[in-house]
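Trainee: Contents of start.cif (mmCIF, C-alpha atoms) are given next:
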```
data_data
#
loop_
_atom_site.group_PDB
_atom_site.id
_atom_site.type_symbol
_atom_site.label_atom_id
_atom_site.label_comp_id
_atom_site.auth_asym_id
_atom_site.auth_seq_id
_atom_site.Cartn_x
_atom_site.Cartn_y
_atom_site.Cartn_z
ATOM 1 C CA MET G 1 67.245 16.826 -3.044
ATOM 2 C CA ALA G 2 66.988 19.588 -0.529
ATOM 3 C CA LEU G 3 68.666 22.555 1.068
ATOM 4 C CA MET G 4 70.756 21.752 4.092
ATOM 5 C CA THR G 5 74.204 22.841 5.171
ATOM 6 C CA GLY G 6 76.697 19.988 4.848
ATOM 7 C CA MET G 7 79.390 19.540 7.477
ATOM 8 C CA ARG G 8 82.531 17.563 6.782
ATOM 9 C CA VAL G 9 83.474 15.263 9.637
ATOM 10 C CA GLN G 10 85.976 12.440 9.465
ATOM 11 C CA PRO G 11 84.755 8.929 10.367
ATOM 12 C CA ARG G 12 87.076 8.664 13.392
ATOM 13 C CA ALA G 13 85.661 11.878 14.770
ATOM 14 C CA LEU G 14 82.148 10.565 14.259
ATOM 15 C CA LEU G 15 82.987 7.460 16.237
ATOM 16 C CA ARG G 16 83.716 9.723 19.175
ATOM 17 C CA THR G 17 80.305 11.392 18.843
ATOM 18 C CA TRP G 18 78.438 8.166 19.624
ATOM 19 C CA THR G 19 76.422 8.630 22.774
ATOM 20 C CA TRP G 20 73.849 6.811 24.815
ATOM 21 C CA LEU G 21 70.688 8.848 24.497
ATOM 22 C CA PRO G 22 68.911 10.417 27.485
ATOM 23 C CA GLY G 23 67.074 7.767 29.422
ATOM 24 C CA ALA G 24 69.363 5.076 28.070
ATOM 25 C CA ALA G 25 72.572 5.655 29.969
ATOM 26 C CA LEU G 26 74.288 2.901 31.891
ATOM 27 C CA GLY G 27 72.133 1.808 34.767
ATOM 28 C CA ARG G 28 68.985 3.202 33.148
ATOM 29 C CA THR G 29 66.739 1.513 30.631
ATOM 30 C CA GLY G 30 64.430 2.606 27.882
ATOM 31 C CA GLN G 31 61.941 0.924 25.583
ATOM 32 C CA ALA G 32 62.658 -0.241 22.088
ATOM 33 C CA ALA G 33 60.339 0.497 19.201
ATOM 34 C CA SER G 34 58.423 -2.718 19.814
ATOM 35 C CA GLY G 35 57.874 -1.904 23.471
ATOM 36 C CA GLY G 36 60.570 -4.108 24.955
ATOM 37 C CA VAL G 37 61.800 -3.145 28.407
ATOM 38 C CA GLY G 38 65.464 -2.960 29.356
ATOM 39 C CA VAL G 39 66.756 -2.072 25.896
ATOM 40 C CA ARG G 40 69.134 0.826 25.409
ATOM 41 C CA ARG G 41 68.780 3.174 22.480
ATOM 42 C CA PHE G 42 71.937 4.518 20.914
ATOM 43 C CA GLY G 43 72.858 6.788 18.088
ATOM 44 C CA SER G 44 74.581 9.929 16.922
ATOM 45 C CA GLN G 45 73.475 13.451 16.133
ATOM 46 C CA LEU G 46 71.846 12.532 12.847
ATOM 47 C CA VAL G 47 70.935 8.854 13.182
ATOM 48 C CA LEU G 48 68.834 7.394 15.985
ATOM 49 C CA VAL G 49 68.893 3.633 16.587
ATOM 50 C CA GLU G 50 66.217 1.881 18.641
ATOM 51 C CA PRO G 51 67.290 -1.744 19.153
ATOM 52 C CA ASP G 52 65.129 -4.666 20.233
ATOM 53 C CA PRO G 53 67.623 -7.510 20.834
ATOM 54 C CA ALA G 54 64.902 -9.906 21.927
ATOM 55 C CA ALA G 55 63.267 -9.632 18.511
ATOM 56 C CA GLY G 56 66.568 -9.294 16.646
ATOM 57 C CA ILE G 57 65.367 -6.035 15.090
ATOM 58 C CA ALA G 58 66.530 -2.426 15.201
ATOM 59 C CA VAL G 59 64.741 0.703 13.995
ATOM 60 C CA MET G 60 67.064 3.268 12.392
ATOM 61 C CA LYS G 61 65.707 6.803 12.110
ATOM 62 C CA PHE G 62 67.082 9.666 10.045
ATOM 63 C CA LYS G 63 67.281 12.703 12.307
ATOM 64 C CA ASN G 64 68.539 15.616 10.234
ATOM 65 C CA PRO G 65 65.758 18.229 10.404
ATOM 66 C CA PRO G 66 64.005 19.745 8.704
ATOM 67 C CA VAL G 67 64.060 17.349 5.721
ATOM 68 C CA ASN G 68 66.749 14.695 6.373
ATOM 69 C CA SER G 69 69.014 15.907 3.581
ATOM 70 C CA LEU G 70 71.788 13.406 2.904
ATOM 71 C CA SER G 71 74.766 15.484 3.961
ATOM 72 C CA LEU G 72 78.268 14.034 4.066
ATOM 73 C CA GLU G 73 78.013 13.919 7.843
ATOM 74 C CA LEU G 74 74.715 12.024 7.793
ATOM 75 C CA LEU G 75 75.993 9.538 5.199
ATOM 76 C CA THR G 76 79.064 8.800 7.304
ATOM 77 C CA GLU G 77 77.132 8.468 10.537
ATOM 78 C CA PHE G 78 74.586 6.190 8.898
ATOM 79 C CA VAL G 79 77.240 3.759 7.660
ATOM 80 C CA ILE G 80 78.787 3.681 11.144
ATOM 81 C CA SER G 81 75.361 2.903 12.636
ATOM 82 C CA LEU G 82 74.761 0.172 10.079
ATOM 83 C CA GLU G 83 78.173 -1.394 10.727
ATOM 84 C CA LYS G 84 77.504 -1.413 14.453
ATOM 85 C CA LEU G 85 74.311 -3.408 13.929
ATOM 86 C CA GLU G 86 75.755 -5.752 11.305
ATOM 87 C CA ASN G 87 78.689 -6.600 13.570
ATOM 88 C CA ASP G 88 76.301 -7.515 16.387
ATOM 89 C CA LYS G 89 74.951 -10.961 15.511
ATOM 90 C CA THR G 90 71.971 -10.301 17.779
ATOM 91 C CA PHE G 91 70.313 -8.338 14.982
ATOM 92 C CA ARG G 92 68.894 -9.831 11.799
ATOM 93 C CA GLY G 93 66.613 -7.041 10.564
ATOM 94 C CA ILE G 94 66.451 -3.243 10.351
ATOM 95 C CA VAL G 95 63.508 -0.913 9.806
ATOM 96 C CA LEU G 96 64.549 2.365 8.155
ATOM 97 C CA THR G 97 62.349 5.361 8.863
ATOM 98 C CA SER G 98 62.386 9.070 9.665
ATOM 99 C CA ASP G 99 62.321 11.047 12.888
ATOM 100 C CA CYS G 100 61.283 14.202 10.982
ATOM 101 C CA PRO G 101 57.524 14.669 10.486
ATOM 102 C CA GLY G 102 56.313 14.593 6.907
ATOM 103 C CA VAL G 103 59.550 13.606 5.206
ATOM 104 C CA PHE G 104 61.457 10.339 4.871
ATOM 105 C CA SER G 105 64.419 12.023 3.186
ATOM 106 C CA ALA G 106 64.499 14.876 0.697
ATOM 107 C CA GLY G 107 67.575 13.315 -0.901
ATOM 108 C CA LEU G 108 71.062 14.505 -1.721
ATOM 109 C CA ASP G 109 72.247 17.688 -0.046
ATOM 110 C CA LEU G 110 72.648 20.297 -2.777
ATOM 111 C CA ARG G 111 74.942 22.329 -0.539
ATOM 112 C CA GLU G 112 77.458 19.493 -0.813
ATOM 113 C CA MET G 113 77.314 19.792 -4.609
ATOM 114 C CA CYS G 114 77.363 23.551 -5.124
ATOM 115 C CA GLY G 115 80.179 26.035 -4.699
ATOM 116 C CA ARG G 116 82.693 23.458 -3.454
ATOM 117 C CA ASN G 117 85.967 22.188 -4.899
ATOM 118 C CA PRO G 118 86.381 18.982 -6.964
ATOM 119 C CA ALA G 119 87.993 17.125 -4.037
ATOM 120 C CA HIS G 120 84.889 17.705 -1.934
ATOM 121 C CA TYR G 121 82.577 16.599 -4.740
ATOM 122 C CA ALA G 122 84.593 13.377 -5.057
ATOM 123 C CA GLU G 123 84.511 12.744 -1.311
ATOM 124 C CA TYR G 124 80.769 13.334 -1.186
ATOM 125 C CA TRP G 125 79.967 11.092 -4.149
ATOM 126 C CA LYS G 126 82.113 8.290 -2.760
ATOM 127 C CA ALA G 127 80.068 8.481 0.458
ATOM 128 C CA VAL G 128 76.809 8.272 -1.536
ATOM 129 C CA GLN G 129 78.154 5.222 -3.394
ATOM 130 C CA GLU G 130 79.208 3.600 -0.117
ATOM 131 C CA LEU G 131 75.788 4.033 1.445
ATOM 132 C CA TRP G 132 74.097 2.434 -1.564
ATOM 133 C CA LEU G 133 76.519 -0.497 -1.695
ATOM 134 C CA ARG G 134 76.229 -1.188 2.021
ATOM 135 C CA LEU G 135 72.431 -1.124 1.965
ATOM 136 C CA TYR G 136 71.915 -2.897 -1.361
ATOM 137 C CA LEU G 137 74.162 -5.826 -0.414
ATOM 138 C CA SER G 138 73.345 -5.980 3.300
ATOM 139 C CA ASN G 139 72.724 -9.475 4.683
ATOM 140 C CA MET G 140 70.160 -7.960 7.032
ATOM 141 C CA VAL G 141 66.465 -7.839 6.234
ATOM 142 C CA LEU G 142 65.807 -4.177 5.424
ATOM 143 C CA ILE G 143 62.268 -2.787 5.561
ATOM 144 C CA ALA G 144 61.624 0.846 4.621
ATOM 145 C CA ALA G 145 58.897 2.480 6.703
ATOM 146 C CA VAL G 146 58.414 5.509 4.465
ATOM 147 C CA ASN G 147 56.583 7.983 6.689
ATOM 148 C CA GLY G 148 56.983 11.074 4.535
ATOM 149 C CA ALA G 149 57.973 12.449 1.142
ATOM 150 C CA SER G 150 60.821 10.538 -0.472
ATOM 151 C CA PRO G 151 62.210 12.162 -3.626
ATOM 152 C CA ALA G 152 65.573 11.479 -5.309
ATOM 153 C CA GLY G 153 68.121 10.083 -2.846
ATOM 154 C CA GLY G 154 65.391 9.348 -0.328
ATOM 155 C CA CYS G 155 63.695 7.171 -2.924
ATOM 156 C CA LEU G 156 67.014 5.476 -3.716
ATOM 157 C CA ILE G 157 67.470 4.488 -0.056
ATOM 158 C CA SER G 158 63.988 2.981 0.061
ATOM 159 C CA LEU G 159 64.682 1.067 -3.182
ATOM 160 C CA THR G 160 67.690 -0.649 -1.594
ATOM 161 C CA CYS G 161 65.400 -2.233 0.983
ATOM 162 C CA ASP G 162 63.793 -5.660 0.690
ATOM 163 C CA TYR G 163 60.295 -4.279 1.287
ATOM 164 C CA ARG G 164 58.732 -0.804 1.335
ATOM 165 C CA VAL G 165 55.734 0.401 3.354
ATOM 166 C CA LEU G 166 54.446 3.887 2.451
ATOM 167 C CA ALA G 167 52.109 6.117 4.445
ATOM 168 C CA ASP G 168 48.810 6.840 2.701
ATOM 169 C CA ASN G 169 49.116 10.607 2.393
ATOM 170 C CA PRO G 170 48.914 12.333 -1.017
ATOM 171 C CA LYS G 171 51.734 14.670 0.007
ATOM 172 C CA TYR G 172 54.111 11.747 0.512
ATOM 173 C CA VAL G 173 55.385 11.362 -3.026
ATOM 174 C CA ILE G 174 58.265 9.083 -4.008
ATOM 175 C CA GLY G 175 60.472 8.914 -7.088
ATOM 176 C CA LEU G 176 63.774 9.758 -8.764
ATOM 177 C CA ASN G 177 63.137 13.323 -9.938
ATOM 178 C CA GLU G 178 66.704 14.359 -10.824
ATOM 179 C CA THR G 179 65.854 15.542 -14.350
ATOM 180 C CA LEU G 180 63.618 18.267 -12.915
ATOM 181 C CA LEU G 181 66.788 19.847 -11.490
ATOM 182 C CA GLY G 182 68.763 19.398 -14.678
ATOM 183 C CA ILE G 183 70.672 16.467 -13.183
ATOM 184 C CA VAL G 184 70.992 12.976 -14.648
ATOM 185 C CA ALA G 185 70.493 10.000 -12.324
ATOM 186 C CA PRO G 186 73.631 7.799 -12.492
ATOM 187 C CA PHE G 187 73.460 4.297 -13.936
ATOM 188 C CA TRP G 188 73.234 2.593 -10.543
ATOM 189 C CA PHE G 189 70.243 4.724 -9.553
ATOM 190 C CA LYS G 190 68.702 3.673 -12.865
ATOM 191 C CA ASP G 191 69.578 0.008 -12.394
ATOM 192 C CA THR G 192 68.012 -0.030 -8.929
ATOM 193 C CA LEU G 193 64.772 1.433 -10.259
ATOM 194 C CA VAL G 194 64.681 -0.893 -13.280
ATOM 195 C CA ASN G 195 65.149 -3.891 -10.983
ATOM 196 C CA THR G 196 62.150 -2.690 -8.973
ATOM 197 C CA ILE G 197 59.535 -1.513 -11.459
ATOM 198 C CA GLY G 198 60.768 -2.756 -14.852
ATOM 199 C CA HIS G 199 62.516 -1.088 -17.783
ATOM 200 C CA ARG G 200 59.667 0.760 -19.513
ATOM 201 C CA ALA G 201 58.144 2.150 -16.322
ATOM 202 C CA ALA G 202 61.611 3.190 -15.112
ATOM 203 C CA GLU G 203 62.447 4.886 -18.421
ATOM 204 C CA HIS G 204 59.212 6.847 -18.287
ATOM 205 C CA ALA G 205 59.705 7.824 -14.630
ATOM 206 C CA LEU G 206 63.366 8.824 -15.010
ATOM 207 C CA GLN G 207 62.962 10.943 -18.142
ATOM 208 C CA LEU G 208 60.028 12.886 -16.710
ATOM 209 C CA GLY G 209 61.344 12.989 -13.138
ATOM 210 C CA LEU G 210 58.058 11.566 -11.882
ATOM 211 C CA LEU G 211 57.109 11.701 -8.215
ATOM 212 C CA PHE G 212 54.407 9.128 -7.461
ATOM 213 C CA PRO G 213 51.674 9.578 -4.842
ATOM 214 C CA PRO G 214 51.009 6.484 -2.705
ATOM 215 C CA ALA G 215 48.332 4.815 -4.849
ATOM 216 C CA LYS G 216 50.346 5.195 -8.056
ATOM 217 C CA ALA G 217 53.588 4.141 -6.327
ATOM 218 C CA LEU G 218 51.850 0.943 -5.255
ATOM 219 C CA GLN G 219 50.429 0.396 -8.737
ATOM 220 C CA VAL G 220 53.830 0.606 -10.474
ATOM 221 C CA GLY G 221 55.537 -1.468 -7.791
ATOM 222 C CA MET G 222 57.733 1.235 -6.300
ATOM 223 C CA VAL G 223 56.333 0.343 -2.876
ATOM 224 C CA ASP G 224 54.890 -2.935 -1.618
ATOM 225 C CA LYS G 225 52.209 -1.692 0.742
ATOM 226 C CA VAL G 226 50.308 1.527 1.498
ATOM 227 C CA VAL G 227 48.838 1.899 4.975
ATOM 228 C CA PRO G 228 47.422 4.663 7.195
ATOM 229 C CA GLU G 229 50.114 7.008 8.435
ATOM 230 C CA ASP G 230 49.891 5.872 12.044
ATOM 231 C CA GLN G 231 50.395 2.235 11.029
ATOM 232 C CA VAL G 232 53.580 2.522 8.942
ATOM 233 C CA GLN G 233 56.100 1.398 11.530
ATOM 234 C CA SER G 234 53.893 -1.271 13.093
ATOM 235 C CA THR G 235 53.188 -2.691 9.619
ATOM 236 C CA ALA G 236 56.912 -2.702 8.824
ATOM 237 C CA LEU G 237 57.606 -4.648 12.018
ATOM 238 C CA SER G 238 54.827 -7.109 11.189
ATOM 239 C CA VAL G 239 56.232 -7.638 7.690
ATOM 240 C CA MET G 240 59.681 -8.064 9.177
ATOM 241 C CA ALA G 241 58.508 -11.061 11.170
ATOM 242 C CA LYS G 242 57.526 -12.864 7.953
ATOM 243 C CA TRP G 243 60.900 -12.227 6.352
ATOM 244 C CA MET G 244 62.783 -13.330 9.453
ATOM 245 C CA ALA G 245 60.882 -16.622 9.477
ATOM 246 C CA ILE G 246 62.986 -17.644 6.467
ATOM 247 C CA PRO G 247 66.359 -19.288 7.291
ATOM 248 C CA ASP G 248 69.015 -16.578 7.040
ATOM 249 C CA HIS G 249 71.496 -18.514 4.915
ATOM 250 C CA ALA G 250 68.948 -19.319 2.203
ATOM 251 C CA ARG G 251 67.519 -15.807 2.119
ATOM 252 C CA GLN G 252 70.950 -14.152 2.135
ATOM 253 C CA LEU G 253 72.321 -16.308 -0.672
ATOM 254 C CA THR G 254 69.217 -15.652 -2.751
ATOM 255 C CA LYS G 255 69.430 -11.896 -2.135
ATOM 256 C CA ASN G 256 73.101 -11.869 -3.101
ATOM 257 C CA MET G 257 72.383 -13.891 -6.250
ATOM 258 C CA MET G 258 69.735 -11.381 -7.302
ATOM 259 C CA ARG G 259 71.621 -8.197 -6.446
ATOM 260 C CA LYS G 260 75.354 -8.834 -6.804
ATOM 261 C CA PRO G 261 75.510 -8.368 -10.604
ATOM 262 C CA THR G 262 73.982 -4.889 -10.227
ATOM 263 C CA ALA G 263 76.339 -3.951 -7.386
ATOM 264 C CA ASP G 264 79.368 -5.392 -9.166
ATOM 265 C CA ARG G 265 78.867 -2.972 -12.020
ATOM 266 C CA LEU G 266 79.325 -0.011 -9.690
ATOM 267 C CA VAL G 267 82.230 -1.648 -7.867
ATOM 268 C CA LYS G 268 83.981 -2.154 -11.210
ATOM 269 C CA GLU G 269 83.276 1.379 -12.420
ATOM 270 C CA ARG G 270 83.390 3.198 -9.076
ATOM 271 C CA ASP G 271 86.363 5.450 -9.825
ATOM 272 C CA SER G 272 85.097 6.412 -13.268
ATOM 273 C CA ASP G 273 81.643 7.085 -11.800
ATOM 274 C CA ILE G 274 83.195 9.505 -9.310
ATOM 275 C CA LYS G 275 85.159 11.226 -12.071
ATOM 276 C CA ASN G 276 82.040 11.524 -14.210
ATOM 277 C CA PHE G 277 80.086 12.999 -11.310
ATOM 278 C CA VAL G 278 82.796 15.544 -10.483
ATOM 279 C CA SER G 279 83.118 16.532 -14.146
ATOM 280 C CA PHE G 280 79.347 16.883 -14.542
ATOM 281 C CA ILE G 281 78.637 18.731 -11.302
ATOM 282 C CA SER G 282 81.563 21.126 -11.882
ATOM 283 C CA ARG G 283 80.139 22.438 -15.157
ATOM 284 C CA ASP G 284 79.292 26.124 -15.038
ATOM 285 C CA SER G 285 75.797 25.458 -16.361
ATOM 286 C CA ILE G 286 75.095 22.862 -13.656
ATOM 287 C CA GLN G 287 76.497 25.059 -10.900
ATOM 288 C CA LYS G 288 74.337 27.975 -12.073
ATOM 289 C CA SER G 289 71.287 25.714 -12.155
ATOM 290 C CA LEU G 290 71.941 24.489 -8.614
ATOM 291 C CA GLN G 291 72.590 28.024 -7.361
ATOM 292 C CA MET G 292 69.298 29.223 -8.837
ATOM 293 C CA TYR G 293 67.433 26.340 -7.240
ATOM 294 C CA LEU G 294 69.049 27.024 -3.847
ATOM 295 C CA GLU G 295 68.123 30.703 -4.121
ATOM 296 C CA LYS G 296 64.503 29.750 -4.807
ATOM 297 C CA LEU G 297 64.524 27.547 -1.718
ATOM 298 C CA LYS G 298 65.913 30.420 0.365
ATOM 299 C CA GLN G 299 63.183 32.731 -0.926
ATOM 300 C CA LYS G 300 60.486 30.183 -0.099
ATOM 301 C CA LYS G 301 61.955 29.715 3.348
ATOM 302 C CA GLY G 302 62.096 33.460 3.849
#
```
In structure tokens, how does this file's structure come out?
Mentor:
Amino acid sequence: MALMTGMRVQPRALLRTWTWLPGAALGRTGQAASGGVGVRRFGSQLVLVEPDPAAGIAVMKFKNPPVNSLSLELLTEFVISLEKLENDKTFRGIVLTSDCPGVFSAGLDLREMCGRNPAHYAEYWKAVQELWLRLYLSNMVLIAAVNGASPAGGCLISLTCDYRVLADNPKYVIGLNETLLGIVAPFWFKDTLVNTIGHRAAEHALQLGLLFPPAKALQVGMVDKVVPEDQVQSTALSVMAKWMAIPDHARQLTKNMMRKPTADRLVKERDSDIKNFVSFISRDSIQKSLQMYLEKLKQKKG
């Protein structure tokens, strides 16, 4: 979690913010992440997409400096970007990474959860749920190229992916550290972690709010590969090729078989999960805790 100012924007408005990026306007061409010529990049203010149609791959980059906090605006824009790629049958795989040096994503935006009204809390939590559901059940091959620190919600995003590559930098820790802020990770955060590293390791990590450095993250199975920082994206693309060599229908059916029971639990309990979140986050004690944490962040920044 991190300090960023959230901005409420309706999905229709976000659709109008889509722009071709400089150097990629009609009649001009740019290079995709893999070096392909003649490929246009596209994106929005907070999400950059670098497509490579020839390879069937796109690189999606979080672009919400300084720490890629998951604001309501970013969550909405990300889902729009994902839908755009999923609706284009040219693409079969996505690499998720960061455009902000040193951080993959610092997680949920505390400004969206502090000092707001219950309606806003409900809207925000529904957007967080939607992002998880769309990623966790995506038919695309998703590879996380984790090129920076990835606590809390940033870790959750990486856990939804089929494979995770982490940069070998001791500062780039990863984990669900909600308890350190006095917050309880919801059951679907927990389920995602349990499915990745096992029940006992997940219980230990969640209770203590552990953030794992690269070597330990690899040891417990939170990531699949640790590589030098300058090789994260190239390694992710190389891994992607192996996954895409598998026939889509077989891989997709297998992925759905493995993940649908976990997702179905949230789908069934989605409304009650939102109500529980709003009730919890609206408590005076929780609001005071969040306010104190935000003040500490302001002091550090100052």
Trainee: With all atoms listed in the file as the basis for distance, which of G:Ala145, G:Ala263, G:Lys268, G:Arg111 is at the shortest distance from G:Leu290?
Mentor: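 Once distances to G:Leu290 are computed over all atoms listed in the file, the minimum belongs to G:Arg111.
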Trainee: Since I can't run it myself right now, could you work out what the PyMOL selection byres ((chain G and resi 120) around 12) selects here and report it as a PyMOL selection string?
Mentor: chain G and resi 6-9+71-72+111-119+121-127+274+277-278+281-282
Trainee: Enter the distance from atom CA of G:Leu131 to atom CA of G:Glu50, in Å, rounded to one decimal.
Mentor: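 Interatomic distance, atom CA of G:Leu131 to atom CA of G:Glu50: 19.8 Å.
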Trainee: Would you mind listing what lies within 7 Å of stretch 200-213 of chain G as an MDAnalysis selection string, with all atoms listed in the file counted and same-chain residues fewer than 6 positions away left out?
Mentor: chainID G and resid 151 170 172:180 193:194
Trainee: Between atom CA of G:Asn256 and atom CA of G:Leu142, measure the distance and give it in Å to one decimal.
Mentor: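 So the answer is 13.6 Å.
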Trainee: Rank nothing, just name the residue among G:Asp99, G:Glu130, G:Asp52, G:Asp224 nearest to G:Thr76, using all atoms listed in the file.
Mentor: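 For G:Thr76, the nearest of the candidates is G:Glu130.
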Trainee: What is the distance between atom CA of G:Ala149 and atom CA of G:Gln129, in Å to one decimal?
Mentor: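 Going from atom CA of G:Ala149 over to atom CA of G:Gln129 covers 21.9 Å.
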Trainee: If you count all atoms listed in the file, which residues fall within 8 Å of stretch 237-254 of chain G, apart from same-chain ones fewer than 5 positions away, as a list in words?
Mentor: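 In the requested form, the answer reads Arg92, Gly93, Val95, Asn139, Met140, Val141 and Ile143 of chain G.
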Trainee: Keeping only C-alpha atoms, write those residues as a PDB file, keeping the file's coordinate frame.
Mentor:
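Full text of part.pdb as output:
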```pdb
ATOM      1  CA  ARG G  92      68.894  -9.831  11.799  1.00  0.00           C
ATOM      2  CA  GLY G  93      66.613  -7.041  10.564  1.00  0.00           C
ATOM      3  CA  VAL G  95      63.508  -0.913   9.806  1.00  0.00           C
ATOM      4  CA  ASN G 139      72.724  -9.475   4.683  1.00  0.00           C
ATOM      5  CA  MET G 140      70.160  -7.960   7.032  1.00  0.00           C
ATOM      6  CA  VAL G 141      66.465  -7.839   6.234  1.00  0.00           C
ATOM      7  CA  ILE G 143      62.268  -2.787   5.561  1.00  0.00           C
TER       8      ILE G 143
END
```
Trainee: For stretch 149-168 of chain G, what centre and edge lengths in Å (one decimal) does the axis-aligned box get once 5 Å is added on each side of all its listed atoms, as JSON?
Mentor:
```
{"center_x": 58.5, "center_y": 3.4, "center_z": -0.4, "size_x": 29.3, "size_y": 28.1, "size_z": 19.8}
```
Trainee: Need to verify the contact set: G:Asp168, 7 Å, all atoms listed in the file, exclusion of same-chain residues closer than 5 positions in sequence. Can you return it as JSON, numbers by chain?
Mentor: {"G": [214, 226, 227, 228, 229]}
Trainee: Taking the file above as input, evaluate the PyMOL selection byres ((chain G and resi 69) around 6) and report the hits as a compact mmCIF listing (two decimals) with C-alpha atoms, in the frame of the given file.
Mentor:
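What landed in expr-v9.txt:
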```txt
# COMPACT_ATOMS: atom_id res chain seq x y z
CA ALA G 2 66.99 19.59 -0.53
CA VAL G 67 64.06 17.35 5.72
CA ASN G 68 66.75 14.70 6.37
CA LEU G 70 71.79 13.41 2.90
CA SER G 71 74.77 15.48 3.96
CA ALA G 106 64.50 14.88 0.70
CA GLY G 107 67.58 13.32 -0.90
CA LEU G 108 71.06 14.50 -1.72
CA ASP G 109 72.25 17.69 -0.05
```
Trainee: Selected by the PyMOL selection byres ((chain G and resi 134) around 12) in the shown coordinates: which residues, as a PyMOL selection string?
Mentor: chain G and resi 75-76+78-83+86+127-133+135-140+142+157+160-161+259-260+263+267
Trainee: Quick one: of G:Leu218, G:Met258, G:Leu110, G:Val49, who's nearest to G:Ser98, counting all atoms listed in the file?
Mentor: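 Using all atoms listed in the file, G:Ser98 sits closest to G:Val49.
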Trainee: Considering only C-alpha atoms, state which residue in the set G:Ser105, G:Asn276, G:Gln219, G:Gln233 is at the smallest distance from G:Phe187.
Mentor: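 Answer, going by the shortest atom-to-atom distance: G:Asn276.
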Trainee: Could you check which of G:Leu166, G:Ile183, G:Cys100, G:Leu297 is closest to G:Pro66, using only C-alpha atoms?
Mentor: G:Cys100
Trainee: Find the residue from G:Ile197, G:Ala167, G:Leu48, G:Met222 that sits nearest to G:Cys155; use all atoms listed in the file when measuring.
Mentor: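 Ranking G:Ile197, G:Ala167, G:Leu48, G:Met222 by distance to G:Cys155, first place goes to G:Met222.
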